[in-house]
$ cat structure-v5.csv   # CSV, C-alpha atoms
chain,number,residue,atom,x,y,z
E,200,MET,CA,95.4,121.6,136.2
E,201,LYS,CA,95.0,118.1,134.7
E,202,LYS,CA,91.2,118.5,134.9
E,203,PHE,CA,91.5,121.8,133.1
E,204,LEU,CA,93.7,120.4,130.3
E,205,ALA,CA,91.3,117.5,129.9
E,206,LEU,CA,88.4,119.9,129.5
E,207,VAL,CA,90.3,121.9,126.9
E,208,SER,CA,91.1,118.8,124.9
E,209,LEU,CA,87.4,118.2,124.4
E,210,ILE,CA,86.8,121.5,122.6
E,211,SER,CA,86.7,121.4,118.8
E,212,LEU,CA,89.7,123.0,117.1
E,213,THR,CA,87.3,124.5,114.6
E,214,LEU,CA,86.0,127.1,117.1
E,215,HIS,CA,87.1,130.6,116.7
E,216,CYS,CA,87.0,133.7,119.0
E,217,GLY,CA,86.5,136.9,117.0
E,218,GLY,CA,88.8,139.9,117.5
E,219,SER,CA,89.5,141.6,120.8
E,220,GLY,CA,86.0,142.4,121.8
E,221,GLY,CA,85.1,145.4,119.8
E,222,GLU,CA,86.5,148.6,118.3
E,223,LYS,CA,90.1,149.3,119.4
E,224,ILE,CA,90.6,151.9,122.1
E,225,THR,CA,93.3,154.2,120.8
E,226,ASP,CA,95.2,157.3,122.1
E,227,PRO,CA,96.2,159.9,119.6
E,228,ASN,CA,98.9,161.3,121.9
E,229,LYS,CA,101.5,158.5,121.4
E,230,ASN,CA,105.1,159.3,120.9
E,231,THR,CA,108.2,157.1,120.6
E,232,ASP,CA,110.7,159.2,122.6
E,233,SER,CA,110.8,156.7,125.5
E,234,GLN,CA,111.4,153.2,124.3
E,235,LEU,CA,111.5,150.0,126.4
E,236,ALA,CA,112.7,146.5,125.8
E,237,GLY,CA,114.4,143.8,127.9
E,238,ASN,CA,114.9,144.0,131.6
E,239,VAL,CA,113.3,146.9,133.5
E,240,SER,CA,113.6,148.0,137.1
E,241,GLY,CA,113.5,151.2,139.2
E,242,THR,CA,110.9,153.7,138.2
E,243,LEU,CA,108.9,154.5,135.1
E,244,SER,CA,108.2,158.2,135.6
E,245,ARG,CA,105.3,160.2,134.4
E,246,ALA,CA,107.7,162.8,133.1
E,247,ASN,CA,109.0,160.4,130.5
E,248,SER,CA,105.7,159.0,129.6
E,249,PRO,CA,104.3,157.7,127.2
E,250,TYR,CA,106.6,154.7,126.7
E,251,HIS,CA,106.8,152.7,123.5
E,252,VAL,CA,107.4,149.0,124.3
E,253,VAL,CA,109.3,147.7,121.2
E,254,GLY,CA,110.2,144.3,122.7
E,255,ASN,CA,109.2,142.1,125.6
E,256,ILE,CA,109.9,143.7,128.9
E,257,VAL,CA,110.8,141.7,132.1
E,258,VAL,CA,111.1,142.5,135.8
E,259,ASP,CA,113.6,139.9,137.0
E,260,SER,CA,113.1,137.9,140.2
E,261,GLY,CA,115.6,140.0,142.1
E,262,SER,CA,114.2,143.4,140.8
E,263,ASN,CA,111.4,145.8,141.5
E,264,LEU,CA,109.6,148.2,139.2
E,265,THR,CA,107.5,151.2,140.2
E,266,ILE,CA,105.2,152.8,137.7
E,267,GLU,CA,104.1,156.3,138.5
E,268,PRO,CA,100.5,157.6,138.2
E,269,GLY,CA,99.6,158.8,134.7
E,270,VAL,CA,102.1,156.6,132.9
E,271,LYS,CA,101.0,155.2,129.6
E,272,LEU,CA,102.7,152.1,128.0
E,273,PHE,CA,102.1,151.4,124.3
E,274,PHE,CA,103.1,147.8,123.3
E,275,ASP,CA,104.1,146.7,119.9
E,276,ASP,CA,102.4,143.7,118.3
E,277,SER,CA,103.2,140.4,120.0
E,278,THR,CA,105.1,141.9,122.9
E,279,HIS,CA,104.3,141.2,126.5
E,280,PHE,CA,105.2,142.3,130.0
E,281,GLU,CA,106.6,139.5,132.3
E,282,ILE,CA,106.9,140.0,136.0
E,283,ASN,CA,109.1,137.6,138.0
E,284,GLY,CA,110.0,140.1,140.7
E,285,GLY,CA,108.0,143.0,142.2
E,286,LEU,CA,105.7,145.5,140.5
E,287,SER,CA,103.9,148.4,142.0
E,288,ALA,CA,101.6,150.1,139.5
E,289,ILE,CA,99.6,152.4,141.6
E,290,GLY,CA,97.8,155.1,139.7
E,291,GLU,CA,95.2,157.6,140.8
E,292,SER,CA,91.6,158.2,139.8
E,293,PHE,CA,92.6,161.3,137.9
E,294,ALA,CA,95.9,159.8,136.7
E,295,PRO,CA,95.4,156.1,135.8
E,296,ILE,CA,98.2,153.9,134.5
E,297,ILE,CA,97.4,152.6,131.0
E,298,PHE,CA,98.7,149.4,129.4
E,299,THR,CA,97.6,149.3,125.7
E,300,SER,CA,98.6,148.5,122.2
E,301,PHE,CA,100.7,150.7,120.0
E,302,GLU,CA,98.9,149.8,116.7
E,303,ASN,CA,97.0,146.5,116.8
E,304,ASN,CA,97.3,144.0,119.7
E,305,TRP,CA,99.8,142.9,122.3
E,306,ARG,CA,100.1,139.9,124.6
E,307,GLY,CA,99.4,141.2,128.1
E,308,LEU,CA,101.0,140.9,131.5
E,309,ARG,CA,102.5,137.6,132.8
E,310,VAL,CA,103.1,137.3,136.6
E,311,ILE,CA,105.1,134.1,137.0
E,312,ASN,CA,106.6,132.7,140.2
E,313,SER,CA,106.8,136.0,142.0
E,314,SER,CA,107.5,136.0,145.7
E,315,GLN,CA,105.9,139.4,146.1
E,316,THR,CA,102.3,140.7,145.9
E,317,ILE,CA,101.9,142.4,142.5
E,318,GLU,CA,99.8,145.6,142.9
E,319,LEU,CA,97.7,147.1,140.1
E,320,HIS,CA,95.6,150.1,141.3
E,321,PHE,CA,93.8,152.5,139.0
E,322,THR,CA,95.2,150.7,135.9
E,323,THR,CA,93.6,150.0,132.5
E,324,ILE,CA,94.6,146.9,130.6
E,325,GLU,CA,93.2,146.7,127.1
E,326,ASN,CA,93.6,145.5,123.5
E,327,VAL,CA,95.4,142.2,124.4
E,328,PHE,CA,95.0,139.4,121.9
E,329,ILE,CA,96.3,135.8,122.4
E,330,GLY,CA,95.2,133.4,119.7
E,331,GLU,CA,93.6,130.1,120.1
E,332,SER,CA,96.7,128.2,119.1
E,333,ASP,CA,98.6,129.4,122.2
E,334,THR,CA,98.3,126.8,124.9
E,335,THR,CA,100.6,128.4,127.5
E,336,ASP,CA,99.4,132.0,127.9
E,337,PHE,CA,96.0,132.6,129.3
E,338,GLY,CA,94.4,135.9,130.3
E,339,ALA,CA,95.2,139.5,129.4
E,340,ILE,CA,96.7,139.3,132.9
E,341,GLY,CA,98.1,135.9,133.6
E,342,VAL,CA,99.0,135.0,137.1
E,343,LEU,CA,100.9,131.7,137.8
E,344,ALA,CA,102.1,130.7,141.2
E,345,SER,CA,102.0,134.3,142.4
E,346,SER,CA,99.9,136.8,144.3
E,347,VAL,CA,98.2,139.8,142.8
E,348,LEU,CA,96.1,142.7,144.1
E,349,ILE,CA,93.9,144.5,141.5
E,350,GLN,CA,91.7,147.3,142.6
E,351,ASN,CA,89.9,150.3,141.0
E,352,SER,CA,91.1,149.1,137.6
E,353,ILE,CA,89.5,148.5,134.2
E,354,ILE,CA,90.2,145.3,132.1
E,355,ARG,CA,88.5,145.7,128.7
E,356,GLN,CA,88.5,144.8,125.1
E,357,ASN,CA,90.8,141.7,125.4
E,358,SER,CA,90.6,138.3,123.7
E,359,THR,CA,92.4,135.1,124.7
E,360,ALA,CA,92.0,131.4,124.5
E,361,SER,CA,90.9,131.2,128.2
E,362,GLY,CA,90.4,133.8,130.9
E,363,GLY,CA,89.7,136.8,128.6
E,364,GLY,CA,90.6,139.4,131.2
E,365,LEU,CA,92.4,137.5,133.9
E,366,SER,CA,93.7,134.0,134.5
E,367,VAL,CA,94.8,132.8,137.9
E,368,ILE,CA,96.5,129.4,138.1
E,369,ASP,CA,97.9,127.9,141.4
E,370,ALA,CA,97.8,131.5,142.7
E,371,ARG,CA,96.2,134.1,144.9
E,372,ALA,CA,94.2,137.1,143.6
E,373,THR,CA,92.4,139.9,145.4
E,374,ILE,CA,90.2,141.9,143.0
E,375,LYS,CA,88.2,144.9,144.3
E,376,ASN,CA,86.2,147.7,142.7
E,377,SER,CA,87.3,146.9,139.2
E,378,ILE,CA,85.5,146.6,135.9
E,379,PHE,CA,85.7,143.7,133.4
E,380,THR,CA,84.0,144.5,130.2
E,381,HIS,CA,84.0,143.4,126.6
E,382,ASN,CA,86.5,140.6,127.2
E,383,LYS,CA,86.4,137.4,125.1
E,384,ALA,CA,87.6,133.9,125.6
E,385,LEU,CA,87.5,130.8,123.4
E,386,ASN,CA,87.4,128.1,125.9
E,387,PHE,CA,86.7,129.1,129.5
E,388,GLY,CA,85.9,132.3,131.4
E,389,GLY,CA,85.1,135.3,129.3
E,390,ALA,CA,86.2,137.6,132.1
E,391,ILE,CA,88.2,135.4,134.6
E,392,LEU,CA,89.4,131.8,134.8
E,393,ALA,CA,90.7,130.6,138.1
E,394,ILE,CA,92.3,127.1,138.5
E,395,ASN,CA,93.4,125.7,141.9
E,396,SER,CA,93.5,129.2,143.3
E,397,SER,CA,92.2,131.4,146.1
E,398,MET,CA,90.2,134.4,145.2
E,399,ASP,CA,88.7,137.5,146.9
E,400,ILE,CA,86.4,139.1,144.3
E,401,ILE,CA,84.5,142.0,146.0
E,402,ASN,CA,82.5,144.9,144.5
E,403,ASN,CA,83.4,144.4,140.9
E,404,THR,CA,81.3,144.8,137.7
E,405,PHE,CA,81.3,142.1,135.0
E,406,PHE,CA,79.6,143.5,131.9
E,407,LYS,CA,79.3,142.1,128.3
E,408,ASN,CA,82.1,139.6,128.5
E,409,ASP,CA,81.7,136.6,126.3
E,410,CYS,CA,83.0,133.0,125.9
E,411,LEU,CA,82.4,130.9,122.9
E,412,ASN,CA,82.4,127.8,125.0
E,413,PHE,CA,82.0,127.7,128.8
E,414,GLY,CA,81.3,130.5,131.3
E,415,GLY,CA,80.9,134.1,130.2
E,416,GLY,CA,81.9,135.8,133.5
E,417,LEU,CA,83.8,133.9,136.2
E,418,VAL,CA,84.9,130.3,135.9
E,419,MET,CA,86.5,128.5,138.8
E,420,ILE,CA,88.1,125.0,138.6
E,421,ASP,CA,89.3,123.2,141.7
E,422,VAL,CA,88.3,126.1,143.9
E,423,LEU,CA,90.4,126.9,147.0
E,424,THR,CA,89.3,129.3,149.7
E,425,SER,CA,87.4,132.1,147.9
E,426,ASN,CA,85.1,135.0,148.7
E,427,ILE,CA,82.8,136.3,145.9
E,428,GLN,CA,80.5,139.0,147.0
E,429,ASN,CA,78.9,142.4,146.2
E,430,ASN,CA,79.6,142.1,142.4
E,431,ILE,CA,77.4,142.8,139.4
E,432,PHE,CA,77.2,140.2,136.6
E,433,HIS,CA,75.2,141.6,133.7
E,434,GLN,CA,74.9,140.6,130.0
E,435,ASN,CA,77.8,138.2,130.0
E,436,THR,CA,77.3,135.4,127.5
E,437,SER,CA,78.5,131.8,126.8
E,438,GLN,CA,77.4,128.8,124.8
E,439,ALA,CA,77.6,126.5,127.9
E,440,GLY,CA,77.8,126.7,131.7
E,441,ASP,CA,76.5,129.6,133.8
E,442,SER,CA,77.3,132.8,132.1
E,443,ARG,CA,77.7,134.6,135.4
E,444,ILE,CA,79.6,132.3,137.9
E,445,ALA,CA,80.5,128.8,136.8
E,446,ILE,CA,82.0,126.3,139.3
E,447,VAL,CA,83.5,123.3,137.7
E,448,SER,CA,85.0,121.6,140.8
E,449,GLY,CA,85.9,122.3,144.4
E,450,ASP,CA,84.6,121.7,147.9
E,451,SER,CA,81.7,124.1,148.4
E,452,ALA,CA,82.7,124.5,152.1
E,453,ASN,CA,85.8,126.3,150.9
E,454,TYR,CA,84.1,129.2,149.1
E,455,SER,CA,81.4,131.8,149.8
E,456,ILE,CA,79.2,133.4,147.0
E,457,GLN,CA,76.8,136.0,148.3
E,458,TYR,CA,75.2,139.4,147.8
E,459,ASN,CA,75.9,139.5,144.1
E,460,PHE,CA,73.6,140.9,141.4
E,461,MET,CA,73.0,137.9,139.2
E,462,GLY,CA,70.1,139.1,137.0
E,463,PHE,CA,68.9,137.2,134.0
E,464,GLY,CA,66.5,138.3,131.2
E,465,ILE,CA,64.8,141.6,132.0
E,466,LEU,CA,66.5,142.1,135.4
E,467,ASN,CA,68.8,145.1,134.9
E,468,PRO,CA,71.2,146.9,137.4
E,469,LYS,CA,70.4,150.1,135.6
E,470,PHE,CA,73.8,151.6,134.8
E,471,ILE,CA,74.0,155.2,133.7
E,472,SER,CA,74.9,153.9,130.2
E,473,ASP,CA,76.9,151.2,128.6
E,474,ASP,CA,79.9,153.5,128.8
E,475,ASP,CA,79.3,154.7,132.4
E,476,LEU,CA,78.7,151.8,134.8
E,477,HIS,CA,77.8,153.9,137.8
E,478,LEU,CA,74.3,153.1,139.0
E,479,GLN,CA,71.2,155.2,138.5
E,480,THR,CA,69.4,156.3,141.6
E,481,VAL,CA,66.6,153.7,140.8
E,482,SER,CA,69.1,150.8,140.5
E,483,PRO,CA,68.0,147.6,142.2
E,484,ALA,CA,71.7,147.1,143.1
E,485,ILE,CA,71.8,150.1,145.4
E,486,ASP,CA,72.0,149.1,149.1
E,487,LYS,CA,71.9,145.4,148.2
E,488,GLY,CA,75.5,144.3,149.1
E,489,ASN,CA,76.7,142.8,152.3
E,490,PRO,CA,75.2,144.8,155.2
E,491,ASN,CA,78.2,144.3,157.4
E,492,ALA,CA,79.7,147.7,158.2
E,493,GLU,CA,83.1,146.8,156.8
E,494,PHE,CA,81.5,146.8,153.3
E,495,ASN,CA,79.7,150.1,153.7
E,496,ASP,CA,79.8,152.8,151.0
E,497,VAL,CA,82.0,155.9,151.5
E,498,ASP,CA,79.0,157.8,152.8
E,499,GLY,CA,78.4,155.1,155.5
E,500,SER,CA,75.3,153.6,153.8
E,501,ARG,CA,74.9,149.9,153.1
E,502,ASN,CA,77.1,148.5,150.3
E,503,ASP,CA,76.0,149.2,146.7
E,504,GLN,CA,76.8,146.2,144.5
E,505,GLY,CA,79.3,146.7,141.7
E,506,ALA,CA,82.5,148.5,141.1
E,507,TYR,CA,81.3,151.8,142.6
E,508,GLY,CA,80.1,150.4,145.9
E,509,GLY,CA,81.9,149.8,149.2
E,510,PRO,CA,84.7,151.7,150.9
E,511,LEU,CA,86.8,151.9,147.6
E,512,GLY,CA,83.9,152.8,145.3
E,513,ASN,CA,84.3,156.6,145.3
E,514,PHE,CA,86.2,156.9,142.0

$ encode --input "structure-v5.csv" --output "structure tokens"
Amino acid sequence: MKKFLALVSLISLTLHCGGSGGEKITDPNKNTDSQLAGNVSGTLSRANSPYHVVGNIVVDSGSNLTIEPGVKLFFDDSTHFEINGGLSAIGESFAPIIFTSFENNWRGLRVINSSQTIELHFTTIENVFIGESDTTDFGAIGVLASSVLIQNSIIRQNSTASGGGLSVIDARATIKNSIFTHNKALNFGGAILAINSSMDIINNTFFKNDCLNFGGGLVMIDVLTSNIQNNIFHQNTSQAGDSRIAIVSGDSANYSIQYNFMGFGILNPKFISDDDLHLQTVSPAIDKGNPNAEFNDVDGSRNDQGAYGGPLGNF
């Protein structure tokens, strides 16, 4: 952590990171019938959705919260969701759980000192903005001294000082079959910043994330045991460092990086479109992931790189 803070101190305070990554994603079907603020526990039901979060919400260390598939939470400006206890947000492919802003921006999810594994499946996290003056909150999803499992999820259109989509500090994260797109950071990691953490990052797509300073995709500092494979990194940008995967420090014997699509220049994974990141039939990322059978696609063929490959890729 000291190395990270020292790196941050070298960055000019005149740098600015614009907006939250593009045009806001909005939902015209908002209502204010179900309002939330303060401590939350139990179940947020789809029947009472959407929810309007009018103040910070917190899952206390002794509590658990379950969010049903199809629930939408609209957060007021400057509000956030803090999890010190347990959270099970398990959506479905046809009924994802949406965390988004009510009007402009909000301040994201904070997982802090939780003794449980926080689960986010088939969720969308979008429209988070945390300004450059904030030196305590990183990432649209910020994980500190906790464990998180993220799969089949979309993290998009977020802007923070560091770790535009996700920050993982002194923590453990497993991220599978998820999409990080159009996230922005000022300092480190347009999509993800990991410090002194263990990571499994398997079959994800990192597309058009940006950092004004160092590392447009994934940045790892003081890497612990980590496994990075079968991902696609495409059109991520940064002023310095590798715009795909940037390792600042850590023993290379502790981590494995393999079978990723890391194309530069004209090399292209050939998505269906910028809005549909499934692969075309002529994609060079098809059948290029880890050939071990445990990574096979749903149809039993060799792993396709990216979010739609592997045993969890049929969504």

$ atom_distance --input "structure-v5.csv" --atom1 "atom CA of Val497 of chain E" --atom2 "atom CA of Leu348 of chain E"
20.7 Å

$ closest_residue --input "structure-v5.csv" --among "E:Ser437, E:Asn495, E:Ser377, E:Thr424" --to "Asn453 of chain E" --atoms "all atoms listed in the file"
E:Thr424

$ closest_residue --input "structure-v5.csv" --among "E:Ser248, E:Asn303, E:Ser455, E:Thr242" --to "Leu264 of chain E" --atoms "only C-alpha atoms"
E:Thr242

$ residues_around --input "structure-v5.csv" --residues "segment 386-391 of chain E" --least-positions-apart "4" --cutoff "7 Å" --atoms "all atoms listed in the file" --output "list in words"
Val207, Ala360, Ser361, Gly362, Gly363, Gly364, Leu365, Ser366, Phe379, Asn382, Asn408, Asp409, Cys410, Leu411, Asn412, Phe413, Gly414, Gly415, Gly416, Leu417 and Val418 of chain E

$ write_last_selection --input "structure-v5.csv" --atoms "C-alpha atoms" --output "compact mmCIF listing (two decimals), in the frame of the given file"
# COMPACT_ATOMS: atom_id res chain seq x y z
CA VAL E 207 90.30 121.90 126.90
CA ALA E 360 92.00 131.40 124.50
CA SER E 361 90.90 131.20 128.20
CA GLY E 362 90.40 133.80 130.90
CA GLY E 363 89.70 136.80 128.60
CA GLY E 364 90.60 139.40 131.20
CA LEU E 365 92.40 137.50 133.90
CA SER E 366 93.70 134.00 134.50
CA PHE E 379 85.70 143.70 133.40
CA ASN E 382 86.50 140.60 127.20
CA ASN E 408 82.10 139.60 128.50
CA ASP E 409 81.70 136.60 126.30
CA CYS E 410 83.00 133.00 125.90
CA LEU E 411 82.40 130.90 122.90
CA ASN E 412 82.40 127.80 125.00
CA PHE E 413 82.00 127.70 128.80
CA GLY E 414 81.30 130.50 131.30
CA GLY E 415 80.90 134.10 130.20
CA GLY E 416 81.90 135.80 133.50
CA LEU E 417 83.80 133.90 136.20
CA VAL E 418 84.90 130.30 135.90

$ atom_distance --input "structure-v5.csv" --atom1 "atom CA of Lys469 of chain E" --atom2 "atom CA of Thr380 of chain E"
15.7 Å

$ closest_residue --input "structure-v5.csv" --among "E:Thr316, E:Asn513, E:Ser358, E:Ser500" --to "Ile340 of chain E" --atoms "all atoms listed in the file"
E:Ser358

$ residues_around --input "structure-v5.csv" --residues "Thr404 of chain E" --least-positions-apart "5" --cutoff "6 Å" --atoms "only C-alpha atoms" --output "PyMOL selection string"
chain E and resi 378+430-431+505-506

$ atom_distance --input "structure-v5.csv" --atom1 "atom CA of Ile354 of chain E" --atom2 "atom CA of Leu308 of chain E"
11.7 Å

$ residues_around --input "structure-v5.csv" --residues "Asn376 of chain E" --least-positions-apart "2" --cutoff "7 Å" --atoms "only C-alpha atoms" --output "list in words"
Gln350, Asn351, Ile378, Ile401, Asn402, Asn403, Ala506, Tyr507, Leu511 and Gly512 of chain E

$ closest_residue --input "structure-v5.csv" --among "E:Ile368, E:Ile444, E:Ile311, E:Ile471" --to "Asp421 of chain E" --atoms "all atoms listed in the file"
E:Ile368

$ closest_residue --input "structure-v5.csv" --among "E:Ala294, E:Val253, E:Leu319, E:Leu243" --to "Thr265 of chain E" --atoms "only C-alpha atoms"
E:Leu243

$ closest_residue --input "structure-v5.csv" --among "E:Asn435, E:Asn502, E:Thr299, E:Asn312" --to "Pro249 of chain E" --atoms "all atoms listed in the file"
E:Thr299

$ residues_near_point --input "structure-v5.csv" --point "(68.3, 148.7, 148.5)" --cutoff "10 Å" --atoms "all atoms listed in the file" --output "short mmCIF file (atom, residue, chain, number, x, y, z; two decimals) with C-alpha atoms, in the coordinates of the input"
data_model
loop_
_atom_site.label_atom_id
_atom_site.label_comp_id
_atom_site.auth_asym_id
_atom_site.auth_seq_id
_atom_site.Cartn_x
_atom_site.Cartn_y
_atom_site.Cartn_z
CA VAL E 481 66.60 153.70 140.80
CA SER E 482 69.10 150.80 140.50
CA PRO E 483 68.00 147.60 142.20
CA ALA E 484 71.70 147.10 143.10
CA ILE E 485 71.80 150.10 145.40
CA ASP E 486 72.00 149.10 149.10
CA LYS E 487 71.90 145.40 148.20
CA GLY E 488 75.50 144.30 149.10
CA ARG E 501 74.90 149.90 153.10
CA ASN E 502 77.10 148.50 150.30
CA ASP E 503 76.00 149.20 146.70
CA GLN E 504 76.80 146.20 144.50
#

$ build_atoms --input "structure-v5.csv" --residues "segment 441-460 of chain E" --atoms "N, CA and C atoms" --output "short mmCIF file (atom, residue, chain, number, x, y, z; two decimals), in the frame of the given file"
data_model
loop_
_atom_site.label_atom_id
_atom_site.label_comp_id
_atom_site.auth_asym_id
_atom_site.auth_seq_id
_atom_site.Cartn_x
_atom_site.Cartn_y
_atom_site.Cartn_z
N ASP E 441 77.12 128.34 133.33
CA ASP E 441 76.50 129.60 133.80
C ASP E 441 77.30 130.77 133.28
N SER E 442 76.63 131.70 132.67
CA SER E 442 77.30 132.80 132.10
C SER E 442 77.73 133.89 133.11
N ARG E 443 77.37 133.65 134.36
CA ARG E 443 77.70 134.60 135.40
C ARG E 443 78.89 134.01 136.25
N ILE E 444 78.61 133.03 137.11
CA ILE E 444 79.60 132.30 137.90
C ILE E 444 79.47 130.84 137.63
N ALA E 445 80.51 130.19 137.13
CA ALA E 445 80.50 128.80 136.80
C ALA E 445 81.53 128.05 137.66
N ILE E 446 81.09 127.13 138.52
CA ILE E 446 82.00 126.30 139.30
C ILE E 446 82.13 124.96 138.71
N VAL E 447 83.34 124.59 138.30
CA VAL E 447 83.50 123.30 137.70
C VAL E 447 83.82 122.22 138.75
N SER E 448 84.67 122.54 139.72
CA SER E 448 85.00 121.60 140.80
C SER E 448 85.57 122.30 141.97
N GLY E 449 85.43 121.67 143.12
CA GLY E 449 85.90 122.30 144.40
C GLY E 449 84.93 122.03 145.48
N ASP E 450 85.40 121.96 146.69
CA ASP E 450 84.60 121.70 147.90
C ASP E 450 83.80 123.02 148.19
N SER E 451 82.47 122.95 148.19
CA SER E 451 81.70 124.10 148.40
C SER E 451 81.87 124.73 149.81
N ALA E 452 82.40 123.95 150.72
CA ALA E 452 82.70 124.50 152.10
C ALA E 452 83.84 125.47 152.05
N ASN E 453 84.58 125.48 150.96
CA ASN E 453 85.80 126.30 150.90
C ASN E 453 85.49 127.72 150.32
N TYR E 454 84.31 127.95 149.76
CA TYR E 454 84.10 129.20 149.10
C TYR E 454 82.70 129.80 149.51
N SER E 455 82.62 131.13 149.45
CA SER E 455 81.40 131.80 149.80
C SER E 455 81.00 132.72 148.60
N ILE E 456 79.77 132.58 148.13
CA ILE E 456 79.20 133.40 147.00
C ILE E 456 77.94 134.02 147.53
N GLN E 457 77.94 135.34 147.74
CA GLN E 457 76.80 136.00 148.30
C GLN E 457 76.66 137.45 147.94
N TYR E 458 75.45 137.98 148.02
CA TYR E 458 75.20 139.40 147.80
C TYR E 458 75.63 139.90 146.44
N ASN E 459 75.57 139.05 145.44
CA ASN E 459 75.90 139.50 144.10
C ASN E 459 74.63 139.74 143.28
N PHE E 460 74.68 140.69 142.37
CA PHE E 460 73.60 140.90 141.40
C PHE E 460 73.79 139.92 140.28
#
